[in-house]
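Everything below concerns the one structure shown next.
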Amino acid sequence: MATAATAEPGFRPWTEEPAARPDRARIRARIGGLHCSLCTGTVEKALGRQPGVDKVAVSLTHEQALVEYDPKVARPEQLLGVLRDIGYTVSDPRKLRSFEEEERDLVRESRRFVIAVALSIASIPIIADPTVGWIGFLPALVCLSLGAMVFLVLKKTSLWAASLATGGLTVMALGLLYLNLQGHLTRIGPWAVAALAVVLVFGVAQHILVMAWQALRRGILNQHVLLEIGAFAGLVGGAIGLAVDRPGYPTAAFFAVSVMVATYHIFSEWLSLIIKTRSSQAVKKLLNLQAETARVLRNGAEAEVPLEAVRVGDLVRIRPGERIPVDGKVVGGRSGVDQSLVTGEPIPVERAEGDAVIGGSINTTGTLLVEATAVGEGSFLHRIVREVEDARALKPGLLHLVDRVLRVYTPTVLVVAGLALVGWLVGSWLATGQADVERAVFACLSVLVMGYPCAVGISAPLSIVRGAGEAAERGILMRTGEAFQGYRLATKVVLDKTGTLTEGHPLVREVEAVEGTEDELLALAAAAEASSEHPLAQAVVKAAFERGAVPPEVESFEAVPGKGVAARIGSGEVLVGSPRFLAERGIDLARLAGRIGALEEAGRTVIAAARDGRALGALALGDTLRPDAARAVAALRRAGVTPIMVTGDNERAAWRVAAELGIEEVHAGVLPHEKAETVRRLQADGSRVAMVGDGINDAPALMQADVGIAMGGGTDIAIESADIIILSNRLEALPVAREVSRRSYGKMLQNVALAFLFNGVGIPVAATGLIHPVWAMVAMAVSVTAIFVNSLSGQPRLFFEAISSVGQPTGTAATPTAA
């Protein structure tokens, strides 16, 4: 089979990354078509068996694979070609799929499901058996329940179309049932169901057949193989009936089993796709922060060029209000740079000649000339992306309880089915001298149907749908399976300071007047700062108006970048700025020295003010705690969780905040790239660690943590990197989310127990050959229904909203409840 890599020269659907060993290579690719960890196991086995491959790590949640291999033995296009052969799609992990493309996939799969349901509804009435009383119609009732799903799927198009289609299916089912009861389908019925089974297995579900064949020929047993063995067993059993044409032989029933098993598998795949797609559509990506062009000085001329054309050493001019396009060093100009989107710290930093700037931050006041020191893959933003993706792909999944069981369960079911077939053939021949082929096929097919892991496979996704909706009603978005199992196990919660525990905006916290009143000092400072665009100046103006301190008129204004402002108010000169700025202008700050020192010790940013050469006082600015921060920390402590604070701020400011909140462990002065390492150290003793953050610098740590939690008001990349998003932006949601996690995991365990109860009892009974395959199908459908009822009890609308959202416009499809 030709791969895209060979069909399109130069096309490389992977990225290359440094490997752990110098003689090894590592590639990353996005894998489409993963539905459960049986799929991840298929990928890992298929690649792991290739010559030269050392290690394969697959993330189901984020659909990415990392492969380490010996480049002397293996080539990327060969390795990824194996996955295409199996039936998975491979794409470049750097290229993001649009909402419209993802939605088209959902719509395509919903149509596949509708067609499968229609074929099931056509087949089941044909095999309804009135001779055994009302219970003979149970298969038809189970199948008709799927008709309600058709109405949900089509309702988004129009209520009229949904009603018409559902009505048409109902009329068809009732018509076929009537013909069956009248005996008109005795001869043609088996042929009709055979045609429906062939259309479904070889047409509608052809992709499953291809994936099963490719997996089987590589010696891999997964859910696709189990499905196709069951489907083909039904087809073979039905074909035998058509060949021998013996009265009483359940020919149509055998074919109907193939139809129903395939239908339930398509439904399970579709449900899984909805959950994964909805979990990733509500967020944007990090590299949107990067400017698309840069204003470069070359040969004495200034030209705007695409960012890809910028080279290390180029001189780039950045004007006020523009985003800095590259990492670099200032070689000309002075300005305040807002790095809050990158570092999380709220107060802009002054940048002058010789200072470093980070691409993605915003130039606020002056014009800068920057020499590019890192572009493209070497830039800060790209390094953060790489760290996030590393953590994302290598992060161990937590929801592997079901998956580990399924990997053993699948071959076990096949062995039991084989033993039932051989046992009945050999046993009946030894007992009667004639092999009971019909009973042997009954036993084998019944085991395969009862053993099909559809119920087990949807037990976790359904509990996630339930928990996600319950959480969303409380302002919490649960995005991944890790959120539902992992958070309940967390023993440590790492809390970022700025923007998470605090509001993330500078405010005037203290006013110290040595001449006049505090309001007079504030009004004068606000008058001088009113013309400045600096965030600290704006905070002073805001504080003055909140206190009702009316600033006097300013006759002239001069800003001294990085230091302060000088203004003429009335007949006097007013200076407002850093204490050093005033000292340089000859202002005696002796009366304020002690207080300024104390405020700076407490982590405040201090602005002093003077008029006509005399110090008037000082203003202390700082971030403020979120109003619910202390209550949230206390609630986490009561739940047995240790709160830990991490920040890039200085020790004094960090410990001041920690003391107010009752946090006893603090990691201060932590650089952006060190936060993930801090989390790793906390995990070293086996502790489960949750990380709460809001800035880009928090993204790698959010991915490294067992559970990442982002504040809804944070940056997009922090939100994208998290397992849980606090949409309400309230810290009190942290203990609430933990309780939802606990209940959701409990619901999943209940679902798994129900599934294995049905299968654990049903498989041995089926192996006896005393149960008709159709009744095995009914039992399987009942187990699925029981799991649905248990998962959605009390909140059925959560599931129905997820189904009905498919194909809706962007603004309505990505609803939290469908996550």
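Just so we're on the same page: first chain in the structure tokens is A, next is B, and so on; residues restart at 1 for each chain, and ligands are numbered from 1 in the order they show up.
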
Distance query Ala25 of chain A at most 9 Å, only C-alpha atoms, self and fewer than 5 positions along chain excluded, as a count of residues only: 10

Spatial neighbours of segment 167-180 of chain A, max dist 10 Å, only C-alpha atoms, sep filter under 2 positions, as a ChimeraX atom specification: /A:117-130,137,140,143-144,147,150-151,161-165,182-186,189

Got time to write the residues from that selection, N, CA, C and O atoms, as a tab-separated table (two decimals), in the first residue's frame?
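Saved file part-v5.tsv follows:
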```
chain	number	residue	atom	x	y	z
A	117	VAL	N	-28.02	1.93	11.89
A	117	VAL	CA	-29.26	1.76	12.66
A	117	VAL	C	-30.42	1.40	11.73
A	117	VAL	O	-31.24	0.53	12.05
A	118	ALA	N	-30.47	2.04	10.57
A	118	ALA	CA	-31.54	1.74	9.61
A	118	ALA	C	-31.48	0.28	9.18
A	118	ALA	O	-32.52	-0.40	9.08
A	119	LEU	N	-30.28	-0.22	8.93
A	119	LEU	CA	-30.14	-1.63	8.54
A	119	LEU	C	-30.53	-2.56	9.69
A	119	LEU	O	-31.14	-3.62	9.46
A	120	SER	N	-30.19	-2.17	10.93
A	120	SER	CA	-30.58	-2.98	12.08
A	120	SER	C	-32.09	-3.00	12.25
A	120	SER	O	-32.70	-4.06	12.51
A	121	ILE	N	-32.70	-1.84	12.10
A	121	ILE	CA	-34.16	-1.74	12.26
A	121	ILE	C	-34.87	-2.55	11.17
A	121	ILE	O	-35.97	-3.08	11.39
A	122	ALA	N	-34.22	-2.68	10.01
A	122	ALA	CA	-34.82	-3.48	8.94
A	122	ALA	C	-34.66	-4.98	9.21
A	122	ALA	O	-35.53	-5.78	8.84
A	123	SER	N	-33.56	-5.36	9.88
A	123	SER	CA	-33.29	-6.79	10.05
A	123	SER	C	-33.99	-7.42	11.25
A	123	SER	O	-34.47	-8.56	11.16
A	124	ILE	N	-34.09	-6.68	12.34
A	124	ILE	CA	-34.61	-7.29	13.57
A	124	ILE	C	-36.08	-7.71	13.46
A	124	ILE	O	-36.44	-8.81	13.91
A	125	PRO	N	-36.97	-6.89	12.90
A	125	PRO	CA	-38.37	-7.35	12.80
A	125	PRO	C	-38.52	-8.63	11.98
A	125	PRO	O	-39.46	-9.40	12.19
A	126	ILE	N	-37.60	-8.86	11.06
A	126	ILE	CA	-37.68	-10.05	10.22
A	126	ILE	C	-37.45	-11.31	11.04
A	126	ILE	O	-38.00	-12.38	10.72
A	127	ILE	N	-36.67	-11.20	12.14
A	127	ILE	CA	-36.37	-12.40	12.94
A	127	ILE	C	-37.19	-12.46	14.22
A	127	ILE	O	-36.99	-13.37	15.04
A	128	ALA	N	-38.08	-11.47	14.43
A	128	ALA	CA	-38.94	-11.52	15.63
A	128	ALA	C	-39.76	-12.81	15.61
A	128	ALA	O	-40.32	-13.19	14.58
A	129	ASP	N	-39.81	-13.49	16.75
A	129	ASP	CA	-40.44	-14.81	16.82
A	129	ASP	C	-41.69	-14.76	17.70
A	129	ASP	O	-41.57	-14.71	18.93
A	130	PRO	N	-42.89	-14.76	17.11
A	130	PRO	CA	-44.12	-14.67	17.91
A	130	PRO	C	-44.44	-15.95	18.67
A	130	PRO	O	-45.27	-15.96	19.57
A	137	PHE	N	-40.39	-10.45	20.82
A	137	PHE	CA	-40.30	-9.12	20.18
A	137	PHE	C	-39.24	-8.23	20.84
A	137	PHE	O	-39.05	-7.10	20.42
A	140	ALA	N	-36.59	-6.61	18.67
A	140	ALA	CA	-37.10	-5.47	17.89
A	140	ALA	C	-37.18	-4.22	18.76
A	140	ALA	O	-36.85	-3.11	18.31
A	143	CYS	N	-33.73	-2.79	19.28
A	143	CYS	CA	-33.24	-2.10	18.08
A	143	CYS	C	-33.98	-0.79	17.86
A	143	CYS	O	-33.39	0.22	17.47
A	144	LEU	N	-35.27	-0.77	18.11
A	144	LEU	CA	-36.04	0.46	17.91
A	144	LEU	C	-35.59	1.57	18.85
A	144	LEU	O	-35.75	2.75	18.54
A	147	GLY	N	-33.52	3.87	17.26
A	147	GLY	CA	-34.19	4.82	16.37
A	147	GLY	C	-34.31	6.19	16.99
A	147	GLY	O	-34.30	7.21	16.28
A	150	VAL	N	-31.42	8.18	16.09
A	150	VAL	CA	-31.51	8.74	14.73
A	150	VAL	C	-32.24	10.08	14.78
A	150	VAL	O	-31.83	11.05	14.12
A	151	PHE	N	-33.30	10.15	15.56
A	151	PHE	CA	-34.04	11.41	15.68
A	151	PHE	C	-33.14	12.51	16.25
A	151	PHE	O	-33.14	13.64	15.76
A	161	ALA	N	-37.24	17.03	9.09
A	161	ALA	CA	-36.46	15.94	8.51
A	161	ALA	C	-36.28	14.81	9.50
A	161	ALA	O	-36.38	13.62	9.15
A	162	ALA	N	-36.03	15.15	10.77
A	162	ALA	CA	-35.86	14.12	11.80
A	162	ALA	C	-37.15	13.33	11.99
A	162	ALA	O	-37.13	12.10	12.09
A	163	SER	N	-38.27	14.03	12.04
A	163	SER	CA	-39.57	13.36	12.22
A	163	SER	C	-39.89	12.47	11.03
A	163	SER	O	-40.38	11.34	11.18
A	164	LEU	N	-39.60	12.97	9.83
A	164	LEU	CA	-39.89	12.21	8.62
A	164	LEU	C	-39.05	10.94	8.56
A	164	LEU	O	-39.57	9.84	8.27
A	165	ALA	N	-37.75	11.07	8.86
A	165	ALA	CA	-36.86	9.91	8.80
A	165	ALA	C	-37.22	8.87	9.87
A	165	ALA	O	-37.29	7.67	9.59
A	182	GLN	N	-47.36	-12.57	9.40
A	182	GLN	CA	-48.27	-13.19	8.45
A	182	GLN	C	-47.62	-14.35	7.69
A	182	GLN	O	-48.27	-14.99	6.86
A	183	GLY	N	-46.35	-14.59	7.91
A	183	GLY	CA	-45.65	-15.69	7.27
A	183	GLY	C	-45.17	-15.42	5.87
A	183	GLY	O	-44.77	-16.35	5.16
A	184	HIS	N	-45.18	-14.14	5.47
A	184	HIS	CA	-44.78	-13.82	4.09
A	184	HIS	C	-43.26	-13.75	3.92
A	184	HIS	O	-42.79	-13.62	2.78
A	185	LEU	N	-42.53	-13.78	5.02
A	185	LEU	CA	-41.07	-13.64	4.92
A	185	LEU	C	-40.34	-14.95	5.18
A	185	LEU	O	-39.12	-14.96	5.35
A	186	THR	N	-41.08	-16.05	5.21
A	186	THR	CA	-40.46	-17.33	5.55
A	186	THR	C	-39.33	-17.68	4.59
A	186	THR	O	-38.26	-18.13	5.00
A	189	GLY	N	-37.12	-13.85	3.81
A	189	GLY	CA	-36.55	-13.18	4.97
A	189	GLY	C	-35.06	-13.43	5.17
A	189	GLY	O	-34.27	-12.49	5.31
```

Which of segment 505-610 of chain A fall in helix (DSSP H, G or I), as a PyMOL selection string: chain A and resi 518-529+535-547+579-584+590-601

Contacts of Asp85 of chain A within 12 Å, only C-alpha atoms, excl. fewer than 6 positions in-chain, as a ChimeraX atom specification: /A:1-4,43,46-47,77-79,207,210-218

Print the selection's residues with C-alpha atoms to a file, as a short mmCIF file (atom, residue, chain, number, x, y, z; two decimals), in the first residue's frame.
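As a result, again-v2.cif now contains:
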```
data_model
loop_
_atom_site.label_atom_id
_atom_site.label_comp_id
_atom_site.auth_asym_id
_atom_site.auth_seq_id
_atom_site.Cartn_x
_atom_site.Cartn_y
_atom_site.Cartn_z
CA MET A 1 0.00 0.00 0.00
CA ALA A 2 1.52 3.32 -1.07
CA THR A 3 1.90 5.85 1.67
CA ALA A 4 1.45 9.58 1.38
CA VAL A 43 -0.20 1.16 17.45
CA ALA A 46 2.64 -2.59 15.31
CA LEU A 47 5.47 -0.07 15.60
CA GLU A 77 8.04 6.90 6.22
CA GLN A 78 8.25 3.12 6.64
CA LEU A 79 7.18 3.23 10.27
CA HIS A 207 -13.06 0.53 7.48
CA VAL A 210 -9.63 -3.29 6.83
CA MET A 211 -8.28 -2.41 10.28
CA ALA A 212 -9.08 -5.88 11.61
CA TRP A 213 -7.33 -7.58 8.71
CA GLN A 214 -4.23 -5.43 8.97
CA ALA A 215 -4.05 -5.98 12.74
CA LEU A 216 -4.63 -9.73 12.44
CA ARG A 217 -1.95 -10.26 9.80
CA ARG A 218 0.51 -8.60 12.19
#
```

Residues near Ala243 of chain A, cut-off 12 Å, only C-alpha atoms, skip fewer than 6 positions along chain, as number ranges by chain: A: 190-191, 236-237, 249, 251

Output file for the selection above: C-alpha atoms, as a PDB file, in the first residue's frame:
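That gives us again14.pdb:
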```pdb
ATOM      1  CA  PRO A 190     -33.168 -14.956   5.394  1.00  0.00           C
ATOM      2  CA  TRP A 191     -31.985 -13.652   2.013  1.00  0.00           C
ATOM      3  CA  VAL A 236     -20.851 -18.210   8.020  1.00  0.00           C
ATOM      4  CA  GLY A 237     -23.625 -19.550  10.240  1.00  0.00           C
ATOM      5  CA  TYR A 249     -32.378 -23.547  11.267  1.00  0.00           C
ATOM      6  CA  THR A 251     -30.492 -18.607   9.170  1.00  0.00           C
TER       7      THR A 251
END
```

Interatomic distance, atom CA of Leu414 of chain A to atom CA of Ser428 of chain A (Å, one decimal):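 Between atom CA of Leu414 of chain A and atom CA of Ser428 of chain A the gap is 21.1 Å.
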
Spatial neighbours of Glu322 of chain A, max dist 9 Å, only C-alpha atoms, sep filter under 3 positions, as a ChimeraX atom specification: /A:291,318-319,325,361-364

Residues within 9 Å of Ala776 of chain A, only C-alpha atoms, excluding chain neighbours under 3 positions, as a PyMOL selection string: chain A and resi 257+445-450+762-763+766+771-773+779-781

Shell around segment 540-556 of chain A at 10 Å using only C-alpha atoms, local window under 2 positions removed, as a ChimeraX atom specification: /A:506-509,518-532,535-538,558,566-571,573-574,607,619-621

Distance of atom CA of Ile724 of chain A from atom CA of Arg466 of chain A, expressed in Å to one decimal place: 15.0 Å

Gap from atom CA of Arg631 of chain A to atom CA of Asp496 of chain A - Å, one decimal: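 Between atom CA of Arg631 of chain A and atom CA of Asp496 of chain A the gap is 16.3 Å.
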
Every residue of segment 485-716 of chain A that DSSP places in strand (DSSP E), as number ranges by chain: A: 492-496, 507-513, 556-560, 564-569, 572-577, 605-611, 614-622, 642-646, 665-667, 689-693, 707-711
